[in-house]
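Input: a single structure, listed below in structure tokens.
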Amino acid sequence: MNETLKRSISGAFYVVLLLVSILYSTESFYILFGLFLLIAVVEFCDLIQLNKITSILLAIVIYLLFYEANLKHNNLFSNDVAHYATLTVLAITLIVSIKGVLFLFDDNEVKSNIFSKYTYLIGYIILPFVFITKLPFGEKGYNPKIIISIFILIWTNDTFAYIVGKSMGKRKLFERVSPKKTIEGFIGGVLFAVVASYIISRYYFDPKEYYFKKSVAIWMTIALIVGVFGTIGDLIESKFKRAAGVKDSGAIMPGHGGILDRLDSVIFVAPIIFLFYQILNYVS
């Protein structure tokens, strides 16, 4: 089969699966991203040479713990305890994100020390998936439009970063990690994501929906977060692959690579968007 056709079919299947699962129900959304998490854990363990069984069990326990804590009629945590626990976990995740950024500027391979590997597994892979599942929830419960909009912004940024970079790119963005990325492509991706955010905020959401979803300025800020931090997330995953000496994180999606290759941007931006939510709630 032609490589372009193979890539198009697998990409279309991925998008349809994603949209159907998000739109169908809360449960299908949780199940899909739970499966994505397990695949991502396996791929990441292959990249950094970590025990898969232990890592998978750890991912299942953490994911299910937060799933139960999110249920409305669950008594696992009081509301206050759940709130502070979430903020603590968010702080841990952001610290590991900073560690990931520093890793970009470190020419040494991933440290062989087991503590460092599990730190990345938990803070860079597992906990960001938890925050992905928190993004569609607001004052009135589950709203699939939120997570779909975030994916649209990520896809817009990636697509136009590629198009602008291919046609106009001259200056390399971070050549030692990702030789094909250019500064022009990066700027183009961010600008088109901001345009997409304007369209989303004006025409996709009902004006009566939650306060932070009807604001053009707020959705433009989310687009900037996606454009900047999504690119950083992509670079960090590229650095892990370069350290492991592989082109793709996996081969589950023909022509696209692995789940990490598809979700590297969203797993990095999800905690930062969630932090933005908290700031909005605090100042409102």
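Letters for chains follow the order of the structure tokens (A, B, ...), residue numbers begin at 1 for each chain, and ligand numbers begin at 1 in the order shown.
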
* Based on DSSP run over this structure's backbone, return all residues of region 7-167 of chain A in alpha helix (DSSP H), as a VMD selection string. => chain A and resid 7 to 24 26 to 48 52 to 70 79 to 104 114 to 120 127 to 134 144 to 167

Write the selection just made, keeping C-alpha atoms, as a tab-separated table (two decimals), in the first residue's frame?
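Writing the result to again_30.tsv gives the following:
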```tsv
chain	number	residue	atom	x	y	z
A	7	ARG	CA	-0.76	7.35	6.60
A	8	SER	CA	-4.07	8.97	5.57
A	9	ILE	CA	-6.15	5.92	6.49
A	10	SER	CA	-4.53	5.42	9.89
A	11	GLY	CA	-4.74	9.16	10.63
A	12	ALA	CA	-8.42	9.29	9.69
A	13	PHE	CA	-9.14	6.22	11.84
A	14	TYR	CA	-7.37	7.85	14.79
A	15	VAL	CA	-9.36	11.09	14.45
A	16	VAL	CA	-12.70	9.27	14.08
A	17	LEU	CA	-11.95	7.02	17.07
A	18	LEU	CA	-10.98	10.04	19.13
A	19	LEU	CA	-14.06	12.10	18.24
A	20	VAL	CA	-16.54	9.24	18.63
A	21	SER	CA	-15.14	8.26	22.02
A	22	ILE	CA	-15.13	11.85	23.29
A	23	LEU	CA	-18.65	12.59	22.03
A	24	TYR	CA	-20.33	9.29	22.92
A	26	THR	CA	-17.84	10.22	29.68
A	27	GLU	CA	-17.13	6.51	30.10
A	28	SER	CA	-15.95	6.00	26.51
A	29	PHE	CA	-13.72	9.08	26.89
A	30	TYR	CA	-12.13	7.65	30.04
A	31	ILE	CA	-11.74	4.19	28.50
A	32	LEU	CA	-10.06	5.49	25.34
A	33	PHE	CA	-7.54	7.61	27.20
A	34	GLY	CA	-6.96	4.80	29.68
A	35	LEU	CA	-6.00	2.59	26.73
A	36	PHE	CA	-3.87	5.37	25.24
A	37	LEU	CA	-2.14	5.70	28.61
A	38	LEU	CA	-1.25	2.00	28.76
A	39	ILE	CA	0.13	2.06	25.21
A	40	ALA	CA	2.08	5.25	25.95
A	41	VAL	CA	3.55	3.64	29.09
A	42	VAL	CA	4.72	0.61	27.10
A	43	GLU	CA	6.27	2.84	24.44
A	44	PHE	CA	7.97	5.04	27.03
A	45	CYS	CA	9.35	1.99	28.86
A	46	ASP	CA	10.88	0.84	25.58
A	47	LEU	CA	12.49	4.27	25.12
A	48	ILE	CA	14.08	4.47	28.57
A	52	LYS	CA	6.86	-2.68	31.76
A	53	ILE	CA	4.83	-4.78	34.20
A	54	THR	CA	5.56	-2.54	37.18
A	55	SER	CA	5.00	0.59	35.10
A	56	ILE	CA	1.67	-0.62	33.70
A	57	LEU	CA	0.41	-1.56	37.17
A	58	LEU	CA	1.47	1.84	38.49
A	59	ALA	CA	-0.35	3.59	35.63
A	60	ILE	CA	-3.54	1.57	36.20
A	61	VAL	CA	-3.58	2.30	39.93
A	62	ILE	CA	-3.02	6.06	39.52
A	63	TYR	CA	-5.49	6.41	36.63
A	64	LEU	CA	-8.24	4.47	38.41
A	65	LEU	CA	-7.63	6.32	41.66
A	66	PHE	CA	-8.25	9.67	39.98
A	67	TYR	CA	-11.15	8.27	37.96
A	68	GLU	CA	-12.86	7.21	41.19
A	69	ALA	CA	-12.06	10.53	42.82
A	70	ASN	CA	-13.76	12.35	39.93
A	79	ASN	CA	-14.19	18.05	48.03
A	80	ASP	CA	-11.52	20.04	49.90
A	81	VAL	CA	-9.13	17.11	50.16
A	82	ALA	CA	-9.64	16.29	46.48
A	83	HIS	CA	-8.94	19.90	45.51
A	84	TYR	CA	-5.70	20.13	47.48
A	85	ALA	CA	-4.62	16.66	46.34
A	86	THR	CA	-5.15	17.72	42.72
A	87	LEU	CA	-3.14	20.92	43.21
A	88	THR	CA	-0.32	18.92	44.82
A	89	VAL	CA	-0.29	16.48	41.92
A	90	LEU	CA	-0.35	19.42	39.50
A	91	ALA	CA	2.69	20.94	41.22
A	92	ILE	CA	4.56	17.62	40.93
A	93	THR	CA	3.67	17.34	37.25
A	94	LEU	CA	4.82	20.89	36.48
A	95	ILE	CA	8.13	20.29	38.29
A	96	VAL	CA	8.72	17.21	36.12
A	97	SER	CA	7.78	19.30	33.06
A	98	ILE	CA	10.53	21.78	34.00
A	99	LYS	CA	12.89	18.81	34.38
A	100	GLY	CA	11.88	17.78	30.84
A	101	VAL	CA	12.69	21.25	29.50
A	102	LEU	CA	16.12	21.12	31.15
A	103	PHE	CA	16.61	17.70	29.57
A	104	LEU	CA	16.38	19.39	26.16
A	114	ILE	CA	15.88	4.20	38.38
A	115	PHE	CA	14.45	7.08	40.43
A	116	SER	CA	14.89	9.49	37.52
A	117	LYS	CA	13.21	7.08	35.12
A	118	TYR	CA	10.17	6.58	37.36
A	119	THR	CA	9.99	10.33	37.94
A	120	TYR	CA	9.62	10.84	34.20
A	127	LEU	CA	-0.14	12.28	35.53
A	128	PRO	CA	-0.56	14.32	32.32
A	129	PHE	CA	-3.09	11.72	31.14
A	130	VAL	CA	-4.95	12.30	34.39
A	131	PHE	CA	-5.10	16.03	33.60
A	132	ILE	CA	-6.27	15.34	30.04
A	133	THR	CA	-9.32	13.60	31.55
A	134	LYS	CA	-9.96	16.64	33.78
A	144	PRO	CA	-16.80	17.26	25.06
A	145	LYS	CA	-16.48	20.53	23.12
A	146	ILE	CA	-13.63	21.59	25.40
A	147	ILE	CA	-11.29	18.68	24.73
A	148	ILE	CA	-12.25	18.57	21.03
A	149	SER	CA	-11.36	22.27	20.74
A	150	ILE	CA	-7.99	21.69	22.40
A	151	PHE	CA	-7.23	18.89	19.93
A	152	ILE	CA	-8.32	21.14	17.04
A	153	LEU	CA	-5.86	23.79	18.22
A	154	ILE	CA	-3.07	21.19	18.50
A	155	TRP	CA	-3.79	19.80	15.03
A	156	THR	CA	-3.98	23.34	13.58
A	157	ASN	CA	-0.69	24.28	15.18
A	158	ASP	CA	1.06	21.10	13.97
A	159	THR	CA	-0.36	21.31	10.44
A	160	PHE	CA	0.49	24.95	9.80
A	161	ALA	CA	3.85	24.70	11.55
A	162	TYR	CA	4.67	22.01	8.97
A	163	ILE	CA	3.20	23.94	5.99
A	164	VAL	CA	4.80	27.28	6.86
A	165	GLY	CA	8.09	25.62	7.85
A	166	LYS	CA	8.19	23.65	4.60
A	167	SER	CA	7.45	26.63	2.40
```

* Got a sec to tell me which of region 66-239 of chain A DSSP assigns to strand (DSSP E or B), as a list in words? -> Phe137, Gly138, Gly141, Tyr142, Lys172, Leu173, Phe174, Ser178, Pro179, Lys180, Lys181 and Thr182 of chain A

Please write the residues from the selection above to a file, keeping N, CA, C and O atoms, as a PDB file, in the first residue's frame.
```pdb
ATOM      1  N   PHE A 137     -14.172  18.940  31.988  1.00  0.00           N
ATOM      2  CA  PHE A 137     -15.142  19.115  33.063  1.00  0.00           C
ATOM      3  C   PHE A 137     -15.138  20.550  33.575  1.00  0.00           C
ATOM      4  O   PHE A 137     -14.085  21.150  33.797  1.00  0.00           O
ATOM      5  N   GLY A 138     -16.326  21.096  33.744  1.00  0.00           N
ATOM      6  CA  GLY A 138     -16.480  22.449  34.260  1.00  0.00           C
ATOM      7  C   GLY A 138     -17.590  22.511  35.284  1.00  0.00           C
ATOM      8  O   GLY A 138     -17.943  21.502  35.904  1.00  0.00           O
ATOM      9  N   GLY A 141     -20.414  19.992  34.544  1.00  0.00           N
ATOM     10  CA  GLY A 141     -20.062  18.613  34.220  1.00  0.00           C
ATOM     11  C   GLY A 141     -19.307  18.464  32.910  1.00  0.00           C
ATOM     12  O   GLY A 141     -18.657  19.388  32.429  1.00  0.00           O
ATOM     13  N   TYR A 142     -19.428  17.284  32.312  1.00  0.00           N
ATOM     14  CA  TYR A 142     -18.651  16.915  31.137  1.00  0.00           C
ATOM     15  C   TYR A 142     -19.117  17.687  29.906  1.00  0.00           C
ATOM     16  O   TYR A 142     -20.293  17.677  29.552  1.00  0.00           O
ATOM     17  N   LYS A 172      16.583  27.346  11.871  1.00  0.00           N
ATOM     18  CA  LYS A 172      16.251  26.168  12.668  1.00  0.00           C
ATOM     19  C   LYS A 172      15.816  26.573  14.079  1.00  0.00           C
ATOM     20  O   LYS A 172      16.383  27.484  14.681  1.00  0.00           O
ATOM     21  N   LEU A 173      14.806  25.856  14.581  1.00  0.00           N
ATOM     22  CA  LEU A 173      14.287  26.151  15.914  1.00  0.00           C
ATOM     23  C   LEU A 173      15.137  25.500  17.000  1.00  0.00           C
ATOM     24  O   LEU A 173      15.563  26.162  17.946  1.00  0.00           O
ATOM     25  N   PHE A 174      15.396  24.184  16.845  1.00  0.00           N
ATOM     26  CA  PHE A 174      16.194  23.443  17.830  1.00  0.00           C
ATOM     27  C   PHE A 174      16.831  22.273  17.091  1.00  0.00           C
ATOM     28  O   PHE A 174      16.448  21.114  17.274  1.00  0.00           O
ATOM     29  N   SER A 178      15.502  18.393  16.828  1.00  0.00           N
ATOM     30  CA  SER A 178      14.554  18.199  15.727  1.00  0.00           C
ATOM     31  C   SER A 178      14.985  19.062  14.543  1.00  0.00           C
ATOM     32  O   SER A 178      14.582  20.224  14.420  1.00  0.00           O
ATOM     33  N   PRO A 179      15.813  18.509  13.644  1.00  0.00           N
ATOM     34  CA  PRO A 179      16.408  19.279  12.543  1.00  0.00           C
ATOM     35  C   PRO A 179      15.418  19.922  11.579  1.00  0.00           C
ATOM     36  O   PRO A 179      15.748  20.893  10.916  1.00  0.00           O
ATOM     37  N   LYS A 180      14.182  19.373  11.497  1.00  0.00           N
ATOM     38  CA  LYS A 180      13.224  19.879  10.513  1.00  0.00           C
ATOM     39  C   LYS A 180      12.390  21.051  11.026  1.00  0.00           C
ATOM     40  O   LYS A 180      11.765  21.751  10.235  1.00  0.00           O
ATOM     41  N   LYS A 181      12.368  21.276  12.311  1.00  0.00           N
ATOM     42  CA  LYS A 181      11.560  22.377  12.853  1.00  0.00           C
ATOM     43  C   LYS A 181      12.267  23.715  12.628  1.00  0.00           C
ATOM     44  O   LYS A 181      13.479  23.821  12.830  1.00  0.00           O
ATOM     45  N   THR A 182      11.478  24.704  12.226  1.00  0.00           N
ATOM     46  CA  THR A 182      12.040  26.032  11.981  1.00  0.00           C
ATOM     47  C   THR A 182      11.317  27.088  12.819  1.00  0.00           C
ATOM     48  O   THR A 182      10.186  26.871  13.265  1.00  0.00           O
TER      49      THR A 182
END
```

* To do: Tell me which of A:Phe274, A:Ile200, A:Phe205, A:Val177 sits closest to Gly245 (chain A), counting only C-alpha atoms.
  => A:Val177

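Distance-wise, CA of Glu184 (chain A) and CA of Arg242 (chain A) end up 23.2 Å apart.
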
* To do: Tell me which of A:Asp261, A:Tyr198, A:Phe192, A:Val269 sits closest to Ile232 (chain A), counting only C-alpha atoms.
  => A:Val269

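Counting only C-alpha atoms, the residue from A:Ser238, A:Ser215, A:Ile267, A:Gly185 that sits nearest to Ile122 (chain A) is A:Ile267.
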
* Between A:Ile199, A:Ile125, A:Leu135, A:Ala243, which is the closest to Asp264 (chain A) once you count only C-alpha atoms? -> A:Ile125

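Residues surrounding Phe276 (chain A) within 10 Å are Ile218, Thr221, Ile222, Ile225, Ala270, Pro271, Asn281 and Tyr282 of chain A [only C-alpha atoms; sequence separation below 5 positions excluded].
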
Write a file of the just-selected residues containing N, CA and C atoms, as a short mmCIF file (atom, residue, chain, number, x, y, z; two decimals), in the first residue's frame.
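Once everything was written out, this is again-v9.cif:
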```cif
data_model
loop_
_atom_site.label_atom_id
_atom_site.label_comp_id
_atom_site.auth_asym_id
_atom_site.auth_seq_id
_atom_site.Cartn_x
_atom_site.Cartn_y
_atom_site.Cartn_z
N ILE A 218 -9.65 34.40 26.26
CA ILE A 218 -9.23 33.21 27.01
C ILE A 218 -8.88 32.07 26.07
N THR A 221 -5.60 32.70 24.54
CA THR A 221 -4.53 32.36 25.49
C THR A 221 -4.26 30.86 25.48
N ILE A 222 -5.34 30.08 25.44
CA ILE A 222 -5.17 28.62 25.37
C ILE A 222 -4.44 28.24 24.08
N ILE A 225 -0.82 28.83 24.61
CA ILE A 225 -0.28 27.75 25.45
C ILE A 225 -0.03 26.51 24.59
N ALA A 270 -1.57 19.68 28.68
CA ALA A 270 -2.75 19.45 29.53
C ALA A 270 -2.58 20.00 30.95
N PRO A 271 -1.47 19.70 31.65
CA PRO A 271 -1.31 20.26 33.00
C PRO A 271 -1.24 21.78 33.01
N ASN A 281 -10.32 30.39 37.74
CA ASN A 281 -11.27 30.19 38.83
C ASN A 281 -10.91 31.05 40.04
N TYR A 282 -9.62 31.23 40.26
CA TYR A 282 -9.15 32.00 41.41
C TYR A 282 -9.46 33.49 41.26
#
```
